[in-house]
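Okay, entry.tsv now, which holds TSV, C-alpha atoms:
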```tsv
chain	number	residue	atom	x	y	z
Q	1	MET	CA	0.00	0.00	0.00
Q	2	MET	CA	1.22	3.50	-0.79
Q	3	CYS	CA	0.55	6.52	1.37
Q	4	CYS	CA	1.87	10.04	1.41
Q	5	GLY	CA	2.93	12.22	4.31
Q	6	SER	CA	3.59	11.07	7.85
Q	7	SER	CA	2.50	7.60	8.86
Q	8	ASP	CA	3.03	5.16	11.68
Q	9	LEU	CA	5.56	3.26	9.60
Q	10	THR	CA	7.47	6.39	8.68
Q	11	THR	CA	7.40	7.58	12.27
Q	12	SER	CA	8.93	4.30	13.39
Q	13	VAL	CA	11.87	4.94	11.09
Q	14	ILE	CA	12.74	8.32	12.57
Q	15	ARG	CA	12.07	7.40	16.20
Q	16	GLY	CA	15.18	8.04	18.27
Q	17	ILE	CA	16.40	10.98	16.19
Q	18	PRO	CA	16.97	14.08	18.35
Q	19	GLU	CA	14.18	16.64	18.14
Q	20	LYS	CA	16.70	19.29	17.10
Q	21	SER	CA	17.55	17.28	14.00
Q	22	LYS	CA	13.86	16.86	13.14
Q	23	GLU	CA	13.34	20.61	13.29
Q	24	GLN	CA	16.38	21.41	11.16
Q	25	ILE	CA	15.53	18.97	8.39
Q	26	ARG	CA	12.05	19.25	6.91
Q	27	ALA	CA	11.57	17.18	3.77
Q	28	ASP	CA	8.84	18.11	1.30
Q	29	GLY	CA	7.28	14.66	1.59
Q	30	ARG	CA	7.55	10.98	2.40
Q	31	ILE	CA	6.00	8.13	0.47
Q	32	THR	CA	5.72	4.69	2.08
Q	33	MET	CA	5.43	1.73	-0.29
Q	34	ASP	CA	5.58	-1.82	0.99
Q	35	ASN	CA	8.88	-1.90	2.92
Q	36	LYS	CA	10.34	1.23	1.36
Q	37	VAL	CA	10.22	4.87	2.45
Q	38	LEU	CA	11.01	7.50	-0.18
Q	39	ILE	CA	11.94	10.88	1.30
Q	40	PHE	CA	12.13	13.69	-1.24
Q	41	ASP	CA	13.00	17.37	-1.27
Q	42	VAL	CA	11.87	19.35	-4.31
Q	43	SER	CA	14.05	22.23	-5.47
Q	44	LEU	CA	13.61	24.59	-8.43
Q	45	THR	CA	16.80	26.17	-9.75
Q	46	ASN	CA	17.81	28.51	-12.56
Q	47	GLY	CA	21.07	27.94	-14.41
Q	48	GLY	CA	21.19	31.61	-15.39
Q	49	THR	CA	21.72	32.94	-11.86
Q	50	PRO	CA	25.12	34.60	-11.23
Q	51	SER	CA	26.43	31.86	-8.94
Q	52	TYR	CA	26.02	29.27	-11.71
Q	53	LEU	CA	27.02	31.31	-14.79
Q	54	LYS	CA	30.74	30.48	-14.88
Q	55	ASN	CA	30.26	26.71	-14.76
Q	56	GLN	CA	27.18	26.96	-16.98
Q	57	PHE	CA	29.21	28.74	-19.67
Q	58	LYS	CA	31.88	26.03	-19.58
Q	59	TYR	CA	29.19	23.36	-19.80
Q	60	ASN	CA	27.47	25.02	-22.77
Q	61	LEU	CA	30.79	25.50	-24.59
Q	62	ALA	CA	31.78	21.84	-24.09
Q	63	ARG	CA	28.34	20.70	-25.23
Q	64	LEU	CA	28.56	22.90	-28.36
Q	65	LYS	CA	31.99	21.51	-29.25
Q	66	ALA	CA	30.70	17.96	-28.76
Q	67	GLU	CA	27.77	18.65	-31.08
Q	68	GLN	CA	30.00	20.21	-33.74
Q	69	SER	CA	32.47	17.32	-33.67
Q	70	SER	CA	29.78	14.64	-33.71
Q	71	ALA	CA	29.40	12.60	-36.86
Q	72	VAL	CA	25.65	12.56	-36.31
Q	73	PRO	CA	23.95	15.94	-36.90
Q	74	GLY	CA	21.75	17.40	-34.21
Q	75	PRO	CA	22.13	17.97	-30.47
Q	76	ILE	CA	23.94	15.50	-28.24
Q	77	ILE	CA	21.47	13.74	-25.93
Q	78	ASN	CA	21.86	11.80	-22.71
Q	79	GLN	CA	24.40	14.29	-21.40
Q	80	SER	CA	25.05	14.78	-17.70
Q	81	VAL	CA	22.87	17.32	-15.92
Q	82	THR	CA	23.78	20.98	-16.07
Q	83	PRO	CA	26.06	22.47	-13.36
Q	84	ALA	CA	23.17	24.23	-11.61
Q	85	VAL	CA	21.31	20.95	-11.14
Q	86	ALA	CA	24.44	19.04	-10.11
Q	87	GLN	CA	25.38	21.67	-7.51
Q	88	ARG	CA	21.90	21.80	-5.96
Q	89	HIS	CA	21.84	17.99	-5.92
Q	90	ARG	CA	25.09	17.92	-3.94
Q	91	GLU	CA	23.88	20.59	-1.51
Q	92	LYS	CA	20.72	18.63	-0.71
Q	93	ASN	CA	22.65	15.39	-0.18
Q	94	VAL	CA	25.02	17.16	2.23
Q	95	LYS	CA	22.10	18.74	4.10
Q	96	TYR	CA	20.27	15.46	4.62
Q	97	ALA	CA	23.32	13.24	5.21
Q	98	PRO	CA	23.31	13.41	9.07
Q	99	ILE	CA	19.65	12.47	9.52
Q	100	LEU	CA	19.82	9.79	6.81
Q	101	ASN	CA	22.84	8.21	8.47
Q	102	LYS	CA	20.87	8.09	11.72
Q	103	ILE	CA	17.86	6.53	9.98
Q	104	ARG	CA	20.00	3.87	8.31
Q	105	ASP	CA	21.74	3.11	11.59
Q	106	ILE	CA	18.30	2.46	13.13
Q	107	GLU	CA	17.41	0.19	10.21
Q	108	ARG	CA	20.68	-1.77	10.47
Q	109	LYS	CA	20.05	-2.42	14.16
Q	110	GLY	CA	16.74	-4.03	13.29
Q	111	ARG	CA	14.56	-1.40	14.94
Q	112	SER	CA	12.70	-0.94	11.65
Q	113	ASN	CA	11.89	-3.27	8.78
Q	114	LEU	CA	11.79	-0.38	6.31
Q	115	ARG	CA	14.43	0.73	3.84
Q	116	THR	CA	14.76	4.48	3.42
Q	117	ILE	CA	15.68	6.23	0.19
Q	118	PHE	CA	16.36	9.96	-0.15
Q	119	ASN	CA	16.12	11.72	-3.50
Q	120	PRO	CA	16.79	15.43	-3.99
Q	121	CYS	CA	14.25	16.25	-6.70
Q	122	VAL	CA	15.89	19.12	-8.58
Q	123	ILE	CA	14.24	20.73	-11.60
Q	124	THR	CA	15.15	23.81	-13.64
Q	125	HIS	CA	12.82	26.53	-14.86
Q	126	ASN	CA	13.16	25.20	-18.44
Q	127	GLY	CA	12.14	21.65	-17.50
Q	128	GLU	CA	15.41	19.79	-16.93
Q	129	LEU	CA	14.98	17.02	-14.37
Q	130	GLY	CA	17.84	16.07	-12.09
Q	131	THR	CA	18.87	12.49	-11.42
Q	132	GLY	CA	17.03	12.46	-8.09
Q	133	MET	CA	13.77	13.47	-9.76
Q	134	ASN	CA	14.18	10.77	-12.40
Q	135	ASP	CA	15.03	8.21	-9.72
Q	136	SER	CA	11.87	9.12	-7.79
Q	137	ILE	CA	9.79	8.68	-10.93
Q	138	GLU	CA	11.35	5.26	-11.49
Q	139	VAL	CA	10.63	4.21	-7.89
Q	140	LEU	CA	6.95	5.04	-8.33
Q	141	ALA	CA	6.82	3.40	-11.76
Q	142	GLY	CA	8.40	0.30	-10.22
Q	143	PHE	CA	5.71	0.30	-7.54
Q	144	ALA	CA	3.00	0.20	-10.21
Q	145	LYS	CA	4.79	-2.67	-11.92
Q	146	LYS	CA	5.09	-4.58	-8.63
Q	147	ARG	CA	1.41	-4.10	-7.87
Q	148	ALA	CA	0.57	-5.57	-11.26
Q	149	ASN	CA	2.88	-8.54	-10.73
Q	150	ASP	CA	1.48	-9.21	-7.26
Q	151	SER	CA	-2.20	-8.95	-8.21
Q	152	GLU	CA	-4.30	-12.00	-9.03
Q	153	SER	CA	-5.20	-10.59	-12.42
Q	154	GLY	CA	-1.59	-9.75	-13.24
Q	155	THR	CA	-2.56	-6.15	-13.92
Q	156	TYR	CA	-2.57	-2.76	-12.21
Q	157	ARG	CA	-5.51	-0.51	-13.12
Q	158	GLY	CA	-6.21	-2.80	-16.03
Q	159	GLU	CA	-2.68	-2.74	-17.46
Q	160	LEU	CA	0.05	-5.38	-17.60
Q	161	PRO	CA	3.18	-4.74	-15.48
Q	162	ALA	CA	5.40	-3.09	-18.10
Q	163	LYS	CA	2.56	-0.97	-19.46
Q	164	ALA	CA	1.45	0.04	-15.96
Q	165	ALA	CA	4.97	1.25	-15.16
Q	166	SER	CA	5.17	3.14	-18.46
Q	167	ILE	CA	1.84	4.91	-17.88
Q	168	GLN	CA	2.82	5.85	-14.34
Q	169	ARG	CA	6.10	7.25	-15.62
Q	170	GLN	CA	4.38	9.29	-18.34
Q	171	HIS	CA	1.75	10.67	-15.98
Q	172	LEU	CA	4.34	11.77	-13.42
Q	173	ARG	CA	6.50	13.51	-16.02
Q	174	ALA	CA	3.47	15.21	-17.55
Q	175	ALA	CA	2.25	16.40	-14.14
Q	176	ILE	CA	5.67	17.82	-13.27
Q	177	CYS	CA	6.01	19.64	-16.60
Q	178	CYS	CA	2.46	21.05	-16.45
Q	179	THR	CA	2.97	22.33	-12.91
Q	180	LEU	CA	6.29	23.92	-13.89
Q	181	ALA	CA	4.82	25.55	-17.01
Q	182	THR	CA	1.91	26.93	-15.00
Q	183	GLY	CA	4.25	28.45	-12.43
Q	184	VAL	CA	6.55	30.00	-15.04
Q	185	GLY	CA	3.53	31.37	-16.92
Q	186	ARG	CA	2.20	33.05	-13.78
Q	187	ILE	CA	5.59	34.61	-13.11
Q	188	LEU	CA	5.83	35.96	-16.67
Q	189	ARG	CA	2.29	37.32	-16.58
Q	190	THR	CA	2.96	39.04	-13.26
Q	191	ALA	CA	6.10	40.58	-14.79
Q	192	GLY	CA	4.01	42.00	-17.65
Q	193	TYR	CA	4.97	39.64	-20.46
Q	194	PRO	CA	2.20	38.62	-22.92
Q	195	ILE	CA	0.52	35.42	-21.86
Q	196	GLY	CA	-2.54	34.38	-23.85
Q	197	LYS	CA	-5.94	34.48	-22.19
Q	198	LYS	CA	-7.85	31.22	-22.41
Q	199	ARG	CA	-11.21	31.50	-24.12
Q	200	HIS	CA	-13.58	28.64	-24.81
Q	201	LYS	CA	-15.07	27.96	-28.22
Q	202	GLN	CA	-17.29	25.22	-29.46
Q	203	GLN	CA	-14.32	23.32	-30.86
Q	204	GLY	CA	-11.60	23.10	-28.27
Q	205	ILE	CA	-9.83	25.77	-26.26
Q	206	HIS	CA	-8.15	28.71	-27.99
Q	207	TYR	CA	-5.71	31.30	-26.73
Q	208	ASP	CA	-6.20	34.94	-27.57
Q	209	PHE	CA	-3.09	37.13	-27.44
Q	210	ALA	CA	-4.80	40.23	-28.82
Q	211	ASP	CA	-5.58	41.78	-25.45
Q	212	SER	CA	-2.46	40.59	-23.66
Q	213	PRO	CA	-0.18	43.30	-22.32
Q	214	GLY	CA	3.24	43.69	-23.91
Q	215	PRO	CA	6.56	43.30	-22.11
Q	216	PRO	CA	7.50	45.96	-19.58
Q	217	ALA	CA	9.06	49.11	-20.95
Q	218	ALA	CA	12.83	49.38	-20.70
```
In structure tokens, how does this file's structure come out?
Amino acid sequence: MMCCGSSDLTTSVIRGIPEKSKEQIRADGRITMDNKVLIFDVSLTNGGTPSYLKNQFKYNLARLKAEQSSAVPGPIINQSVTPAVAQRHREKNVKYAPILNKIRDIERKGRSNLRTIFNPCVITHNGELGTGMNDSIEVLAGFAKKRANDSESGTYRGELPAKAASIQRQHLRAAICCTLATGVGRILRTAGYPIGKKRHKQQGIHYDFADSPGPPAA
């Protein structure tokens, strides 16, 4: 069974941790699935901020050279994450290391039958997902697959294991991207940039930019 937020099982994992540590570390959420606990911390970052620009420039230059020297035309895919994502990923791992070490020590001593996983879920304003975010998606997709395998019908929500995992993966990615796009759109509209107003017609939904305000004056 999967449940979100605090639960008796999750509480049993962190029992014995000093209250000071609990107050200092506040994860965005916990998901308990079977004998696993996934702790995640969501972080939105922007590679264009001054603290990231130097490493971001080096990354972009190396990526451009790789694309130009490639025998196959087009952008290079499956590259490592950008410096902004990698740096935020490291910062979150360092922040949560003390409490995670305590949790795992409790688990090793047999005081809990759960296995705890921590994933820093980093995402950029342009939709790049960090490794922790992708790992969290795979954990949840794997849960759907396991539920299908364990069910008497061999399905989860009417789908076979592999298909159930694929659908779960697609839905999670779509939800993340839609939420991000909505947030960025609200920020742009607040800043005065033209964002189309939604208007309903008989055939579908259309966006009307005619009455949208222009960008702010320089």
Smallest atom-to-atom distance to Leu114 in chain Q: which of Q:Ala165, Q:Ala144, Q:Leu38, Q:Val139, using only C-alpha atoms?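 Among the listed residues, the smallest separation from Leu114 in chain Q belongs to Q:Leu38.
The space between CA of Val122 in chain Q and CA of Leu44 in chain Q spans 5.9 Å.
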Just give me the gap between CA of His125 in chain Q and CA of Val184 in chain Q in Å, one decimal is fine. 7.2 Å
Straight-line distance linking CA of Ala181 in chain Q with CA of Gly47 in chain Q, stated in Å to one decimal: 16.6 Å
Could you name the residues that touch Leu172 in chain Q at 9 Å or less, counting all atoms listed in the file, but leaving out those on the same chain fewer than 6 positions away, as a PyMOL selection string? chain Q and resi 137+140-141
Please output range 119-147 of chain Q, rebuilt to include N, CA and C atoms, as an mmCIF file, in the frame of the given file.
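Result saved to result_2.cif:
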```cif
data_model
loop_
_atom_site.group_PDB
_atom_site.id
_atom_site.type_symbol
_atom_site.label_atom_id
_atom_site.label_comp_id
_atom_site.auth_asym_id
_atom_site.auth_seq_id
_atom_site.Cartn_x
_atom_site.Cartn_y
_atom_site.Cartn_z
ATOM 1 N N ASN Q 119 15.858 11.181 -2.171
ATOM 2 C CA ASN Q 119 16.120 11.720 -3.500
ATOM 3 C C ASN Q 119 15.916 13.231 -3.500
ATOM 4 N N PRO Q 120 16.976 13.992 -3.781
ATOM 5 C CA PRO Q 120 16.790 15.430 -3.990
ATOM 6 C C PRO Q 120 16.198 15.650 -5.372
ATOM 7 N N CYS Q 121 14.969 16.099 -5.424
ATOM 8 C CA CYS Q 121 14.250 16.250 -6.700
ATOM 9 C C CYS Q 121 14.476 17.659 -7.243
ATOM 10 N N VAL Q 122 15.515 17.814 -8.047
ATOM 11 C CA VAL Q 122 15.890 19.120 -8.580
ATOM 12 C C VAL Q 122 15.341 19.268 -9.993
ATOM 13 N N ILE Q 123 14.777 20.437 -10.274
ATOM 14 C CA ILE Q 123 14.240 20.730 -11.600
ATOM 15 C C ILE Q 123 14.582 22.173 -11.945
ATOM 16 N N THR Q 124 14.846 22.447 -13.221
ATOM 17 C CA THR Q 124 15.150 23.810 -13.640
ATOM 18 C C THR Q 124 13.902 24.466 -14.208
ATOM 19 N N HIS Q 125 13.971 25.787 -14.366
ATOM 20 C CA HIS Q 125 12.820 26.530 -14.860
ATOM 21 C C HIS Q 125 12.471 26.161 -16.300
ATOM 22 N N ASN Q 126 13.437 25.593 -17.045
ATOM 23 C CA ASN Q 126 13.160 25.200 -18.440
ATOM 24 C C ASN Q 126 12.856 23.704 -18.577
ATOM 25 N N GLY Q 127 12.648 23.013 -17.441
ATOM 26 C CA GLY Q 127 12.140 21.650 -17.500
ATOM 27 C C GLY Q 127 13.163 20.541 -17.391
ATOM 28 N N GLU Q 128 14.416 20.861 -17.101
ATOM 29 C CA GLU Q 128 15.410 19.790 -16.930
ATOM 30 C C GLU Q 128 15.210 19.105 -15.585
ATOM 31 N N LEU Q 129 15.152 17.791 -15.600
ATOM 32 C CA LEU Q 129 14.980 17.020 -14.370
ATOM 33 C C LEU Q 129 16.315 16.460 -13.913
ATOM 34 N N GLY Q 130 16.619 16.627 -12.644
ATOM 35 C CA GLY Q 130 17.840 16.070 -12.090
ATOM 36 C C GLY Q 130 17.725 14.561 -11.907
ATOM 37 N N THR Q 131 18.854 13.937 -11.582
ATOM 38 C CA THR Q 131 18.870 12.490 -11.420
ATOM 39 C C THR Q 131 17.960 12.031 -10.281
ATOM 40 N N GLY Q 132 17.889 12.828 -9.215
ATOM 41 C CA GLY Q 132 17.030 12.460 -8.090
ATOM 42 C C GLY Q 132 15.558 12.461 -8.467
ATOM 43 N N MET Q 133 15.154 13.425 -9.291
ATOM 44 C CA MET Q 133 13.770 13.470 -9.760
ATOM 45 C C MET Q 133 13.459 12.257 -10.628
ATOM 46 N N ASN Q 134 14.377 11.948 -11.539
ATOM 47 C CA ASN Q 134 14.180 10.770 -12.400
ATOM 48 C C ASN Q 134 14.152 9.480 -11.581
ATOM 49 N N ASP Q 135 15.020 9.403 -10.568
ATOM 50 C CA ASP Q 135 15.030 8.210 -9.720
ATOM 51 C C ASP Q 135 13.711 8.057 -8.958
ATOM 52 N N SER Q 136 13.144 9.175 -8.504
ATOM 53 C CA SER Q 136 11.870 9.120 -7.790
ATOM 54 C C SER Q 136 10.755 8.638 -8.710
ATOM 55 N N ILE Q 137 10.776 9.112 -9.941
ATOM 56 C CA ILE Q 137 9.790 8.680 -10.930
ATOM 57 C C ILE Q 137 9.908 7.177 -11.162
ATOM 58 N N GLU Q 138 11.139 6.685 -11.257
ATOM 59 C CA GLU Q 138 11.350 5.260 -11.490
ATOM 60 C C GLU Q 138 10.910 4.417 -10.299
ATOM 61 N N VAL Q 139 11.090 4.935 -9.085
ATOM 62 C CA VAL Q 139 10.630 4.210 -7.890
ATOM 63 C C VAL Q 139 9.123 4.035 -7.931
ATOM 64 N N LEU Q 140 8.404 5.108 -8.277
ATOM 65 C CA LEU Q 140 6.950 5.040 -8.330
ATOM 66 C C LEU Q 140 6.459 4.196 -9.498
ATOM 67 N N ALA Q 141 7.173 4.260 -10.620
ATOM 68 C CA ALA Q 141 6.820 3.400 -11.760
ATOM 69 C C ALA Q 141 7.047 1.933 -11.393
ATOM 70 N N GLY Q 142 8.125 1.667 -10.664
ATOM 71 C CA GLY Q 142 8.400 0.300 -10.220
ATOM 72 C C GLY Q 142 7.350 -0.215 -9.262
ATOM 73 N N PHE Q 143 6.789 0.692 -8.447
ATOM 74 C CA PHE Q 143 5.710 0.300 -7.540
ATOM 75 C C PHE Q 143 4.489 -0.152 -8.322
ATOM 76 N N ALA Q 144 4.150 0.586 -9.382
ATOM 77 C CA ALA Q 144 3.000 0.200 -10.210
ATOM 78 C C ALA Q 144 3.234 -1.160 -10.855
ATOM 79 N N LYS Q 145 4.449 -1.388 -11.299
ATOM 80 C CA LYS Q 145 4.790 -2.670 -11.920
ATOM 81 C C LYS Q 145 4.677 -3.811 -10.906
ATOM 82 N N LYS Q 146 5.155 -3.555 -9.678
ATOM 83 C CA LYS Q 146 5.090 -4.580 -8.630
ATOM 84 C C LYS Q 146 3.651 -4.897 -8.254
ATOM 85 N N ARG Q 147 2.808 -3.866 -8.191
ATOM 86 C CA ARG Q 147 1.410 -4.100 -7.870
ATOM 87 C C ARG Q 147 0.740 -4.974 -8.929
#
```
